[in-house]
Amino acid sequence: MVNTLWLVKRPADFPEADLINDDDIIVLIQDAVLRLPSKKNWVACEEDVIARNVKVPQENLVSYEYIINLIEKAQKVVVW
Amino acid sequence: MVNTLWLVKRPADFPEADLINDDDIIVLIQDAVLRLPSKKNWVACEEDVIARNVKVPQENLVSYEYIINLIEKAQKVVVW
Amino acid sequence: MKLLFIMVSNPYSNDFNTLIKMSQASINQGHDTAIFFMGNGLYSIVREEIKNLAENGVKIYYCAHNAEQRKIKPDSWAESSSMYGLAKLIKEYEKVIILD
Amino acid sequence: MKLLFIMVSNPYSNDFNTLIKMSQASINQGHDTAIFFMGNGLYSIVREEIKNLAENGVKIYYCAHNAEQRKIKPDSWAESSSMYGLAKLIKEYEKVIILD
Amino acid sequence: MAKKKMSVVIRSSPFSWKTFEALRQAVGSAMEHEVSVIFIRDGVYALTDWKPQLIGIEPLDKSIEALDMMGAKIIAEEEALRERGLKLKDWGVDIDKLPKDDICEIIKDSEVTLTW
Amino acid sequence: MAKKKMSVVIRSSPFSWKTFEALRQAVGSAMEHEVSVIFIRDGVYALTDWKPQLIGIEPLDKSIEALDMMGAKIIAEEEALRERGLKLKDWGVDIDKLPKDDICEIIKDSEVTLTW
């Protein structure tokens with residue numbers, strides 16, 4: 001089960017490491033897709049990636065529908 | 001004579017050092033007053049300093065009228 | 001799922017695009033979806049894309065105080081509300097996403 | 001001096017405060033002062049403080065395209081213009097300050 | 001339709017209308033929820049003796065008082081205050097200075113977190 | 001009422017309406033002035049093959065073409081491109097890749113500098 005879903009909008013503006021649990025997931029949207037996180041367990045909004053023409057591993061790309069599914073499964077969402 | 005007047009709005013968002021000449025002046029406004037520059041030749045907008053209750057040496061504080069005078073004397077103004 | 005967006009962000013921002021795409025995806029999947037507009041978010045309420053979302057079933061609320069302050073008159077498909085109204089929505093909706 | 005501000009910044013921003021205070025100081029000292037509103041800057045043109053500046057002698061111009069796009073109808077004391085109009089103002093004004 | 005544990009987190013430069021809106025939203029929420037208003041990083045400046053009106057922003061005093069009256073907690077990050085050498089203004093209400101670690105726990109423990 | 005040397009500097013993340021407005025302004029200015037449109041730091045992303053429409057922004061192609069037609073210079077910072085590993089899109093116009101030092105000289109030499 002996903003605990004907290006972190007919705008990150010800006011590059012290098014990550015939540016304090018202490019805040020993130022192992023079962024949390026980070027979802028990169030908007031300009032956050034410009035810098036990939038060093039943490040595991042992240043995905044990036046495919047449309048935001050394609051729009052910016054940046055290189056993100058294919059397996060990390062997800063659709064808006066997929067993000068909505070993650071949000072449904074998560075206990076809560078925090079925009080950071 | 002003042003060459004270029006640099007109007008800086010954000011802390012730690014200074015112009016590249018190469019851009020600044022010795023006879024340039026830096027004017028800190030808005031949140032830029034939160035961090036003082038290491039360069040010489042700067043002033044800070046007094047109202048923006050008082051509004052934010054930060055410590056800036058009295059001799060560096062200037063009024064909007066003073067800033068307008070500096071703008072008049074400068075060759076050009078660049079907002080950075 | 002009941003999903004609530006709080007839109008506070010500036011007009012013509014990346015947040016506007018995120019808001020449109022995410023709330024459309026949410027309603028497409030049959031979730032009960034709402035947007036609450038406040039602060040500078042109010043400026044976006046008059047855009048065509050929001051009207052389309054409303055027609056597709058997204059519920060639209062806004063802070064009447066912020067609308068008046070900004071001289072914005074939302075259409076009748078948007079429901080006038082308040083910070084207390086938002087608090088009650090937060091009770092009711094399971095997930096809350098703020099864009100500011 | 002002839003001093004021109006280009007206001008592109010978001011409404012309810014620090015740039016709005018800077019714009020008001022600096023253009024008032026400029027007009028107080030007898031300078032020929034103008035503000036050109038474009039992009040999201042247009043949202044601020046309807047605020048009371050801008051009307052006051054206009055009454056105090058600050059010249060107000062705006063990009064008609066951006067106003068229409070945002071469904072904003074400026075009052076008659078503001079002069080409709082364009083990007084080409086701005087280019088001509090930049091010719092005429094000695095100092096140009098952009099707030100975005 | 002239950003009361004929720006809510007964190008309202010103010011984390012960036014607070015010298016703007018956003019801070020006023022954040023507190024207004026927190027006040028509204030405090031009528032229905034268990035609210036902690038948390039100031040971290042540059043957000044702690046909001047609790048010093050600054051002068052919003054001087055830059056065209058409404059003062060925060062009434063919101064801070066209302067939060068206190070409705071039992072919301074107001075929390076400032078100890079490290080952020082120390083690093084910036086800041087002193088809190090006397091707002092006439094209790095403000096908890098807590099280390100980052102404790103704040104992380106409060107945020108983790110919240111059912112709803114709104115970041116500003 | 002003379003023609004001026006003007007720099008339009010795009011220096012932060014360009015994936016926004018601001019970039020479109022900046023170029024629209026540069027095009028208008030190029031009718032009356034000697035314009036250099038300069039992309040530095042994260043601003044260089046604007047000249048790659050990105051897709052504005054996908055995030056609700058108007059494309060830049062017409063503005064870039066118009067700038068070229070009116071004799072404006074389009075300049076990208078060499079270091080910024082290299083550091084980010086970016087390739088420029090073929091816009092069908094000349095884009096000068098210049099080192100930071102040369103760009104500083106162009107900005108210094110301008111009578112009007114508009115930063116975005």
# chains A, B, ... in the order shown; residues from 1 in each chain; ligands from 1

$ interface_residues --of "chain C" --to "chain E" --cutoff "9 Å" --atoms "only C-alpha atoms" --output "MDAnalysis selection string"
chainID C and resid 8 38:40 82:88 90:100

$ write_last_selection --atoms "C-alpha atoms" --output "CSV table (one decimal), in the first residue's frame"
chain,number,residue,atom,x,y,z
C,8,VAL,CA,-4.8,29.2,-5.5
C,38,MET,CA,-9.4,30.9,-3.9
C,39,GLY,CA,-6.9,33.8,-3.9
C,40,ASN,CA,-5.3,34.4,-7.3
C,82,SER,CA,-16.2,30.6,1.9
C,83,MET,CA,-13.3,29.3,3.9
C,84,TYR,CA,-15.8,27.6,6.2
C,85,GLY,CA,-17.4,26.0,3.2
C,86,LEU,CA,-14.0,24.8,2.1
C,87,ALA,CA,-13.5,23.2,5.6
C,88,LYS,CA,-16.7,21.3,5.2
C,90,ILE,CA,-12.3,18.9,3.2
C,91,LYS,CA,-14.4,16.8,5.7
C,92,GLU,CA,-16.3,15.3,2.9
C,93,TYR,CA,-13.6,14.7,0.3
C,94,GLU,CA,-11.1,11.9,0.9
C,95,LYS,CA,-8.1,13.4,-0.9
C,96,VAL,CA,-7.2,17.1,-1.1
C,97,ILE,CA,-4.7,18.5,-3.6
C,98,ILE,CA,-3.6,22.2,-3.2
C,99,LEU,CA,-2.1,24.0,-6.2
C,100,ASP,CA,-0.5,27.3,-5.2

$ interface_residues --of "chain B" --to "chain E" --cutoff "6 Å" --atoms "only C-alpha atoms" --output "count of residues only"
3

$ residues_around --residues "Val46 of chain D" --least-positions-apart "5" --cutoff "9 Å" --atoms "only C-alpha atoms" --output "list of chain:residue names"
C:Arg70, C:Lys71, D:Lys51, D:Ile72, D:Lys73, D:Pro74, D:Asp75

$ write_last_selection --atoms "N, CA and C atoms" --output "PDB file, in the first residue's frame"
ATOM      1  N   ARG C  70     -11.393  40.756  -6.191  1.00  0.00           N
ATOM      2  CA  ARG C  70     -10.785  40.808  -7.531  1.00  0.00           C
ATOM      3  C   ARG C  70     -11.782  41.216  -8.614  1.00  0.00           C
ATOM      4  N   LYS C  71     -12.982  41.598  -8.200  1.00  0.00           N
ATOM      5  CA  LYS C  71     -14.016  42.034  -9.148  1.00  0.00           C
ATOM      6  C   LYS C  71     -14.314  40.973 -10.208  1.00  0.00           C
TER       7      LYS C  71
ATOM      8  N   LYS D  51      -5.567  53.473 -10.967  1.00  0.00           N
ATOM      9  CA  LYS D  51      -6.405  54.616 -11.315  1.00  0.00           C
ATOM     10  C   LYS D  51      -5.851  55.882 -10.648  1.00  0.00           C
ATOM     11  N   ILE D  72     -10.430  41.284 -20.002  1.00  0.00           N
ATOM     12  CA  ILE D  72     -10.318  42.466 -19.142  1.00  0.00           C
ATOM     13  C   ILE D  72     -10.611  43.705 -19.967  1.00  0.00           C
ATOM     14  N   LYS D  73     -11.484  44.578 -19.443  1.00  0.00           N
ATOM     15  CA  LYS D  73     -11.806  45.818 -20.146  1.00  0.00           C
ATOM     16  C   LYS D  73     -11.300  47.000 -19.329  1.00  0.00           C
ATOM     17  N   PRO D  74     -10.123  47.504 -19.665  1.00  0.00           N
ATOM     18  CA  PRO D  74      -9.570  48.634 -18.909  1.00  0.00           C
ATOM     19  C   PRO D  74     -10.423  49.891 -19.094  1.00  0.00           C
ATOM     20  N   ASP D  75     -10.359  50.778 -18.110  1.00  0.00           N
ATOM     21  CA  ASP D  75     -11.081  52.050 -18.195  1.00  0.00           C
ATOM     22  C   ASP D  75     -10.473  52.932 -19.281  1.00  0.00           C
TER      23      ASP D  75
END

$ residues_around --residues "Asp96 of chain F" --least-positions-apart "5" --cutoff "8 Å" --atoms "only C-alpha atoms" --output "PyMOL selection string"
chain F and resi 73-76

$ write_last_selection --atoms "all heavy atoms" --output "short mmCIF file (atom, residue, chain, number, x, y, z; two decimals), in the first residue's frame"
data_model
loop_
_atom_site.label_atom_id
_atom_site.label_comp_id
_atom_site.auth_asym_id
_atom_site.auth_seq_id
_atom_site.Cartn_x
_atom_site.Cartn_y
_atom_site.Cartn_z
N LYS F 73 19.00 38.98 -33.54
CA LYS F 73 19.90 37.86 -33.27
C LYS F 73 19.29 36.96 -32.20
O LYS F 73 18.71 37.44 -31.24
CB LYS F 73 21.25 38.38 -32.78
CG LYS F 73 22.10 38.96 -33.88
CD LYS F 73 23.56 39.06 -33.43
CE LYS F 73 24.36 39.89 -34.42
NZ LYS F 73 24.56 41.27 -33.92
N ILE F 74 19.46 35.65 -32.40
CA ILE F 74 19.02 34.70 -31.39
C ILE F 74 20.25 33.97 -30.88
O ILE F 74 21.03 33.40 -31.65
CB ILE F 74 18.01 33.70 -31.98
CG1 ILE F 74 16.82 34.48 -32.57
CG2 ILE F 74 17.52 32.71 -30.92
CD1 ILE F 74 15.83 33.63 -33.32
N ILE F 75 20.44 34.02 -29.57
CA ILE F 75 21.70 33.57 -28.97
C ILE F 75 21.44 32.61 -27.82
O ILE F 75 20.59 32.87 -26.97
CB ILE F 75 22.49 34.80 -28.44
CG1 ILE F 75 22.84 35.73 -29.62
CG2 ILE F 75 23.74 34.37 -27.68
CD1 ILE F 75 23.26 37.12 -29.20
N ALA F 76 22.15 31.48 -27.82
CA ALA F 76 22.03 30.51 -26.72
C ALA F 76 23.36 30.37 -26.00
O ALA F 76 24.43 30.38 -26.63
CB ALA F 76 21.60 29.15 -27.27
#

$ residues_around --residues "segment 20-24 of chain D" --least-positions-apart "2" --cutoff "7 Å" --atoms "only C-alpha atoms" --output "MDAnalysis selection string"
(chainID B and resid 64) or (chainID D and resid 16:18 26:28 33 53)

$ write_last_selection --atoms "N, CA, C and O atoms" --output "compact mmCIF listing (two decimals), in the first residue's frame"
# COMPACT_ATOMS: atom_id res chain seq x y z
N TYR B 64 12.39 55.33 -1.79
CA TYR B 64 12.01 55.20 -3.20
C TYR B 64 12.46 56.42 -4.00
O TYR B 64 12.89 56.29 -5.14
N PHE D 16 3.68 44.26 -7.77
CA PHE D 16 2.62 45.27 -7.79
C PHE D 16 2.96 46.39 -6.81
O PHE D 16 2.88 47.58 -7.15
N ASN D 17 3.37 46.01 -5.60
CA ASN D 17 3.75 47.02 -4.60
C ASN D 17 4.92 47.87 -5.09
O ASN D 17 4.90 49.10 -4.99
N THR D 18 5.93 47.21 -5.65
CA THR D 18 7.09 47.94 -6.18
C THR D 18 6.66 48.91 -7.27
O THR D 18 7.10 50.08 -7.30
N SER D 26 8.41 58.47 -8.74
CA SER D 26 8.89 59.05 -9.99
C SER D 26 8.06 60.27 -10.40
O SER D 26 8.60 61.32 -10.76
N ILE D 27 6.75 60.11 -10.32
CA ILE D 27 5.88 61.23 -10.71
C ILE D 27 6.01 62.38 -9.71
O ILE D 27 5.98 63.55 -10.07
N ASN D 28 6.20 62.03 -8.41
CA ASN D 28 6.41 63.07 -7.38
C ASN D 28 7.61 63.95 -7.70
O ASN D 28 7.62 65.13 -7.37
N THR D 33 6.39 59.68 -16.46
CA THR D 33 6.33 58.28 -16.04
C THR D 33 5.20 57.55 -16.74
O THR D 33 4.09 58.07 -16.87
N LEU D 53 -2.77 56.46 -9.75
CA LEU D 53 -1.53 56.83 -10.44
C LEU D 53 -1.87 57.59 -11.72
O LEU D 53 -1.23 58.60 -12.04

$ closest_atom_pairs --of "chain C" --to "chain D" --cutoff "8 Å" --atoms "only C-alpha atoms" --output "JSON lines"
{"residue": "C:Asn10", "atom": "CA", "partner": "D:Asn10", "partner_atom": "CA", "distance": 6.6}
{"residue": "C:Pro11", "atom": "CA", "partner": "D:Asn40", "partner_atom": "CA", "distance": 7.2}
{"residue": "C:Tyr12", "atom": "CA", "partner": "D:Asn40", "partner_atom": "CA", "distance": 7.5}
{"residue": "C:Asn40", "atom": "CA", "partner": "D:Pro11", "partner_atom": "CA", "distance": 7.2}

$ calpha_fit_and_write --fixed "chain B" --moving "chain A" --output "compact mmCIF listing (two decimals) with N, CA, C and O atoms, in the first residue's frame"
# COMPACT_ATOMS: atom_id res chain seq x y z
N MET A 1 30.08 58.52 -12.05
CA MET A 1 28.81 58.21 -12.73
C MET A 1 28.46 56.73 -12.56
O MET A 1 29.33 55.87 -12.65
N VAL A 2 27.20 56.48 -12.28
CA VAL A 2 26.76 55.10 -12.20
C VAL A 2 26.55 54.57 -13.61
O VAL A 2 25.93 55.23 -14.45
N ASN A 3 27.06 53.42 -13.87
CA ASN A 3 26.93 52.82 -15.18
C ASN A 3 25.59 52.09 -15.27
O ASN A 3 24.59 52.64 -15.72
N THR A 4 25.58 50.86 -14.73
CA THR A 4 24.32 50.11 -14.73
C THR A 4 23.77 50.02 -13.31
O THR A 4 24.52 49.77 -12.37
N LEU A 5 22.49 50.21 -13.17
CA LEU A 5 21.83 50.01 -11.89
C LEU A 5 21.13 48.65 -11.96
O LEU A 5 20.28 48.43 -12.81
N TRP A 6 21.55 47.75 -11.06
CA TRP A 6 20.95 46.41 -11.03
C TRP A 6 19.86 46.39 -9.96
O TRP A 6 20.15 46.56 -8.78
N LEU A 7 18.65 46.15 -10.39
CA LEU A 7 17.53 46.08 -9.47
C LEU A 7 17.30 44.59 -9.17
O LEU A 7 16.87 43.84 -10.05
N VAL A 8 17.62 44.18 -7.93
CA VAL A 8 17.57 42.74 -7.62
C VAL A 8 16.38 42.47 -6.70
O VAL A 8 16.21 43.14 -5.68
N LYS A 9 15.57 41.47 -7.06
CA LYS A 9 14.32 41.22 -6.36
C LYS A 9 14.31 39.99 -5.47
O LYS A 9 13.48 39.87 -4.58
N ARG A 10 15.20 39.05 -5.76
CA ARG A 10 15.18 37.79 -5.00
C ARG A 10 16.52 37.55 -4.31
O ARG A 10 17.56 37.85 -4.88
N PRO A 11 16.51 36.98 -3.09
CA PRO A 11 17.77 36.72 -2.41
C PRO A 11 18.58 35.71 -3.23
O PRO A 11 18.01 34.82 -3.84
N ALA A 12 19.89 35.88 -3.24
CA ALA A 12 20.78 34.92 -3.88
C ALA A 12 20.47 34.71 -5.34
O ALA A 12 20.73 33.67 -5.90
N ASP A 13 19.89 35.70 -5.98
CA ASP A 13 19.70 35.60 -7.42
C ASP A 13 20.43 36.79 -8.05
O ASP A 13 19.84 37.66 -8.66
N PHE A 14 21.75 36.79 -7.84
CA PHE A 14 22.53 37.94 -8.31
C PHE A 14 22.95 37.79 -9.76
O PHE A 14 23.05 36.68 -10.27
N PRO A 15 23.20 38.92 -10.41
CA PRO A 15 23.72 38.85 -11.78
C PRO A 15 25.07 38.13 -11.77
O PRO A 15 25.78 38.16 -10.77
N GLU A 16 25.41 37.47 -12.86
CA GLU A 16 26.72 36.85 -12.99
C GLU A 16 27.77 37.94 -12.71
O GLU A 16 27.66 39.06 -13.20
N ALA A 17 28.80 37.58 -11.95
CA ALA A 17 29.83 38.55 -11.54
C ALA A 17 30.41 39.27 -12.75
O ALA A 17 30.73 40.46 -12.69
N ASP A 18 30.54 38.53 -13.87
CA ASP A 18 31.12 39.13 -15.08
C ASP A 18 30.32 40.31 -15.60
O ASP A 18 30.83 41.13 -16.36
N LEU A 19 29.07 40.37 -15.23
CA LEU A 19 28.21 41.42 -15.77
C LEU A 19 28.38 42.75 -15.05
O LEU A 19 28.06 43.80 -15.59
N ILE A 20 28.88 42.67 -13.82
CA ILE A 20 28.89 43.86 -12.99
C ILE A 20 30.21 44.62 -13.09
O ILE A 20 31.28 44.04 -12.91
N ASN A 21 30.14 45.87 -13.40
CA ASN A 21 31.32 46.73 -13.43
C ASN A 21 31.53 47.40 -12.08
O ASN A 21 30.62 47.44 -11.25
N ASP A 22 32.71 47.96 -11.89
CA ASP A 22 33.03 48.62 -10.63
C ASP A 22 32.14 49.82 -10.36
O ASP A 22 31.84 50.13 -9.20
N ASP A 23 31.74 50.49 -11.41
CA ASP A 23 30.91 51.69 -11.20
C ASP A 23 29.41 51.38 -11.28
O ASP A 23 28.58 52.28 -11.38
N ASP A 24 29.07 50.10 -11.25
CA ASP A 24 27.65 49.72 -11.19
C ASP A 24 27.15 49.81 -9.76
O ASP A 24 27.95 49.82 -8.81
N ILE A 25 25.84 49.85 -9.62
CA ILE A 25 25.29 49.81 -8.26
C ILE A 25 24.16 48.79 -8.20
O ILE A 25 23.43 48.59 -9.18
N ILE A 26 24.08 48.10 -7.06
CA ILE A 26 23.02 47.10 -6.86
C ILE A 26 21.98 47.68 -5.92
O ILE A 26 22.32 48.19 -4.86
N VAL A 27 20.73 47.62 -6.32
CA VAL A 27 19.64 48.08 -5.47
C VAL A 27 18.79 46.88 -5.10
O VAL A 27 18.18 46.24 -5.97
N LEU A 28 18.75 46.55 -3.81
CA LEU A 28 17.96 45.41 -3.36
C LEU A 28 16.54 45.86 -3.07
O LEU A 28 16.32 46.81 -2.31
N ILE A 29 15.59 45.18 -3.66
CA ILE A 29 14.19 45.44 -3.33
C ILE A 29 13.51 44.10 -3.01
O ILE A 29 14.08 43.04 -3.21
N GLN A 30 12.28 44.18 -2.53
CA GLN A 30 11.47 42.99 -2.22
C GLN A 30 12.27 41.99 -1.36
O GLN A 30 13.01 42.40 -0.47
N ASP A 31 12.15 40.69 -1.63
CA ASP A 31 12.81 39.69 -0.78
C ASP A 31 14.34 39.67 -0.92
O ASP A 31 15.02 39.00 -0.13
N ALA A 32 14.88 40.39 -1.89
CA ALA A 32 16.34 40.44 -2.02
C ALA A 32 16.98 41.03 -0.76
O ALA A 32 18.15 40.76 -0.48
N VAL A 33 16.23 41.80 0.02
CA VAL A 33 16.81 42.40 1.24
C VAL A 33 17.08 41.34 2.32
O VAL A 33 17.73 41.64 3.33
N LEU A 34 16.63 40.12 2.12
CA LEU A 34 16.83 39.07 3.14
C LEU A 34 18.28 38.59 3.21
O LEU A 34 18.71 38.05 4.21
N ARG A 35 19.00 38.69 2.09
CA ARG A 35 20.41 38.26 2.10
C ARG A 35 21.26 39.41 1.53
O ARG A 35 21.04 39.84 0.42
N LEU A 36 22.23 39.86 2.31
CA LEU A 36 23.04 40.99 1.86
C LEU A 36 24.16 40.53 0.92
O LEU A 36 24.73 39.46 1.11
N PRO A 37 24.44 41.33 -0.07
CA PRO A 37 25.44 40.93 -1.07
C PRO A 37 26.86 41.03 -0.53
O PRO A 37 27.14 41.83 0.36
N SER A 38 27.75 40.22 -1.08
CA SER A 38 29.16 40.29 -0.70
C SER A 38 29.86 41.41 -1.47
O SER A 38 30.89 41.90 -1.05
N LYS A 39 29.29 41.80 -2.59
CA LYS A 39 29.85 42.91 -3.38
C LYS A 39 29.71 44.24 -2.64
O LYS A 39 28.85 44.41 -1.81
N LYS A 40 30.55 45.18 -3.02
CA LYS A 40 30.37 46.54 -2.53
C LYS A 40 29.33 47.25 -3.37
O LYS A 40 28.84 46.72 -4.35
N ASN A 41 29.08 48.50 -2.99
CA ASN A 41 28.26 49.35 -3.84
C ASN A 41 26.82 48.87 -3.98
O ASN A 41 26.34 48.58 -5.08
N TRP A 42 26.17 48.73 -2.85
CA TRP A 42 24.76 48.35 -2.90
C TRP A 42 23.96 49.18 -1.91
O TRP A 42 24.49 49.68 -0.92
N VAL A 43 22.70 49.31 -2.19
CA VAL A 43 21.75 49.91 -1.26
C VAL A 43 20.51 49.02 -1.21
O VAL A 43 20.33 48.15 -2.05
N ALA A 44 19.68 49.24 -0.20
CA ALA A 44 18.46 48.44 -0.07
C ALA A 44 17.27 49.38 0.12
O ALA A 44 17.39 50.41 0.80
N CYS A 45 16.16 49.02 -0.45
CA CYS A 45 14.93 49.80 -0.33
C CYS A 45 14.45 49.77 1.13
O CYS A 45 14.10 48.72 1.65
N GLU A 46 14.46 50.94 1.77
CA GLU A 46 14.17 51.01 3.21
C GLU A 46 12.79 50.43 3.55
O GLU A 46 12.64 49.69 4.52
N GLU A 47 11.79 50.77 2.74
CA GLU A 47 10.45 50.28 3.04
C GLU A 47 10.38 48.75 2.98
O GLU A 47 9.73 48.11 3.82
N ASP A 48 11.05 48.17 1.98
CA ASP A 48 11.06 46.70 1.89
C ASP A 48 11.81 46.07 3.07
O ASP A 48 11.47 44.96 3.50
N VAL A 49 12.83 46.77 3.57
CA VAL A 49 13.59 46.27 4.72
C VAL A 49 12.73 46.34 5.99
O VAL A 49 12.63 45.36 6.74
N ILE A 50 12.12 47.50 6.22
CA ILE A 50 11.30 47.66 7.44
C ILE A 50 10.11 46.69 7.39
O ILE A 50 9.78 46.06 8.40
N ALA A 51 9.49 46.56 6.24
CA ALA A 51 8.34 45.67 6.11
C ALA A 51 8.71 44.24 6.54
O ALA A 51 7.90 43.54 7.13
N ARG A 52 9.95 43.84 6.22
CA ARG A 52 10.38 42.47 6.52
C ARG A 52 11.12 42.36 7.87
O ARG A 52 11.55 41.27 8.24
N ASN A 53 11.31 43.50 8.54
CA ASN A 53 11.96 43.50 9.85
C ASN A 53 13.32 42.81 9.85
O ASN A 53 13.65 42.06 10.75
N VAL A 54 14.10 43.06 8.82
CA VAL A 54 15.44 42.46 8.76
C VAL A 54 16.49 43.52 9.08
O VAL A 54 16.23 44.71 9.02
N LYS A 55 17.67 43.03 9.45
CA LYS A 55 18.75 43.95 9.83
C LYS A 55 19.61 44.30 8.62
O LYS A 55 20.26 43.44 8.05
N VAL A 56 19.60 45.58 8.29
CA VAL A 56 20.45 46.07 7.20
C VAL A 56 21.11 47.34 7.73
O VAL A 56 20.44 48.16 8.36
N PRO A 57 22.44 47.48 7.52
CA PRO A 57 23.12 48.69 8.03
C PRO A 57 22.39 49.96 7.57
O PRO A 57 22.04 50.09 6.39
N GLN A 58 22.20 50.87 8.52
CA GLN A 58 21.44 52.09 8.27
C GLN A 58 21.95 52.84 7.03
O GLN A 58 21.16 53.36 6.25
N GLU A 59 23.27 52.84 6.85
CA GLU A 59 23.83 53.64 5.75
C GLU A 59 23.49 53.06 4.38
O GLU A 59 23.70 53.71 3.36
N ASN A 60 22.98 51.83 4.35
CA ASN A 60 22.61 51.24 3.07
C ASN A 60 21.13 51.41 2.73
O ASN A 60 20.67 51.02 1.65
N LEU A 61 20.37 51.97 3.68
CA LEU A 61 18.93 52.10 3.46
C LEU A 61 18.60 53.36 2.66
O LEU A 61 19.09 54.44 2.97
N VAL A 62 17.77 53.19 1.65
CA VAL A 62 17.39 54.35 0.82
C VAL A 62 15.89 54.35 0.55
O VAL A 62 15.23 53.31 0.57
N SER A 63 15.37 55.54 0.32
CA SER A 63 13.94 55.71 0.03
C SER A 63 13.67 55.44 -1.46
O SER A 63 14.59 55.37 -2.27
N TYR A 64 12.38 55.33 -1.78
CA TYR A 64 12.00 55.20 -3.20
C TYR A 64 12.45 56.42 -3.99
O TYR A 64 12.90 56.29 -5.14
N GLU A 65 12.37 57.61 -3.37
CA GLU A 65 12.80 58.83 -4.07
C GLU A 65 14.29 58.73 -4.41
O GLU A 65 14.71 59.10 -5.50
N TYR A 66 15.05 58.24 -3.45
CA TYR A 66 16.49 58.09 -3.68
C TYR A 66 16.75 57.11 -4.83
O TYR A 66 17.62 57.33 -5.68
N ILE A 67 16.00 56.01 -4.84
CA ILE A 67 16.16 55.02 -5.91
C ILE A 67 15.85 55.65 -7.27
O ILE A 67 16.56 55.43 -8.26
N ILE A 68 14.80 56.46 -7.31
CA ILE A 68 14.45 57.14 -8.56
C ILE A 68 15.60 58.07 -9.01
O ILE A 68 15.95 58.12 -10.19
N ASN A 69 16.21 58.74 -8.04
CA ASN A 69 17.36 59.59 -8.38
C ASN A 69 18.52 58.77 -8.95
O ASN A 69 19.15 59.17 -9.92
N LEU A 70 18.78 57.62 -8.32
CA LEU A 70 19.83 56.74 -8.84
C LEU A 70 19.52 56.30 -10.26
O LEU A 70 20.39 56.24 -11.13
N ILE A 71 18.24 55.98 -10.49
CA ILE A 71 17.82 55.52 -11.82
C ILE A 71 18.06 56.63 -12.84
O ILE A 71 18.55 56.40 -13.95
N GLU A 72 17.76 57.86 -12.42
CA GLU A 72 17.96 58.98 -13.34
C GLU A 72 19.43 59.13 -13.71
O GLU A 72 19.77 59.35 -14.87
N LYS A 73 20.30 58.96 -12.70
CA LYS A 73 21.73 59.16 -12.94
C LYS A 73 22.37 57.99 -13.68
O LYS A 73 23.39 58.15 -14.35
N ALA A 74 21.81 56.78 -13.52
CA ALA A 74 22.41 55.61 -14.14
C ALA A 74 22.28 55.67 -15.66
O ALA A 74 21.38 56.32 -16.19
N GLN A 75 23.19 55.00 -16.33
CA GLN A 75 23.06 54.92 -17.79
C GLN A 75 21.89 54.02 -18.17
O GLN A 75 21.19 54.28 -19.13
N LYS A 76 21.72 52.93 -17.43
CA LYS A 76 20.57 52.08 -17.67
C LYS A 76 20.23 51.26 -16.42
O LYS A 76 21.04 51.16 -15.50
N VAL A 77 19.06 50.70 -16.45
CA VAL A 77 18.58 49.89 -15.33
C VAL A 77 18.35 48.48 -15.85
O VAL A 77 17.75 48.29 -16.90
N VAL A 78 18.85 47.51 -15.09
CA VAL A 78 18.55 46.12 -15.44
C VAL A 78 17.93 45.45 -14.21
O VAL A 78 18.51 45.47 -13.13
N VAL A 79 16.75 44.90 -14.38
CA VAL A 79 16.12 44.13 -13.30
C VAL A 79 16.66 42.72 -13.42
O VAL A 79 16.59 42.11 -14.49
N TRP A 80 17.21 42.20 -12.34
CA TRP A 80 17.80 40.85 -12.46
C TRP A 80 17.16 39.89 -11.50
O TRP A 80 16.41 40.30 -10.63

$ decode --residues "segment 52-57 of chain F" --atoms "N, CA, C and O atoms" --output "compact mmCIF listing (two decimals), in the first residue's frame"
# COMPACT_ATOMS: atom_id res chain seq x y z
N PRO F 52 5.09 23.09 -26.43
CA PRO F 52 4.29 24.01 -25.60
C PRO F 52 2.81 23.64 -25.56
O PRO F 52 2.19 23.68 -24.50
N GLN F 53 2.26 23.26 -26.73
CA GLN F 53 0.81 23.03 -26.79
C GLN F 53 0.35 21.94 -25.84
O GLN F 53 -0.77 21.97 -25.36
N LEU F 54 1.26 20.99 -25.57
CA LEU F 54 0.91 19.88 -24.70
C LEU F 54 0.64 20.37 -23.27
O LEU F 54 -0.04 19.70 -22.49
N ILE F 55 1.18 21.53 -22.92
CA ILE F 55 0.89 22.07 -21.59
C ILE F 55 0.15 23.41 -21.69
O ILE F 55 0.22 24.26 -20.81
N GLY F 56 -0.59 23.53 -22.79
CA GLY F 56 -1.52 24.67 -22.89
C GLY F 56 -0.91 26.01 -23.24
O GLY F 56 -1.50 27.06 -22.98
N ILE F 57 0.29 25.98 -23.83
CA ILE F 57 0.96 27.24 -24.18
C ILE F 57 1.09 27.33 -25.70
O ILE F 57 1.28 26.32 -26.38
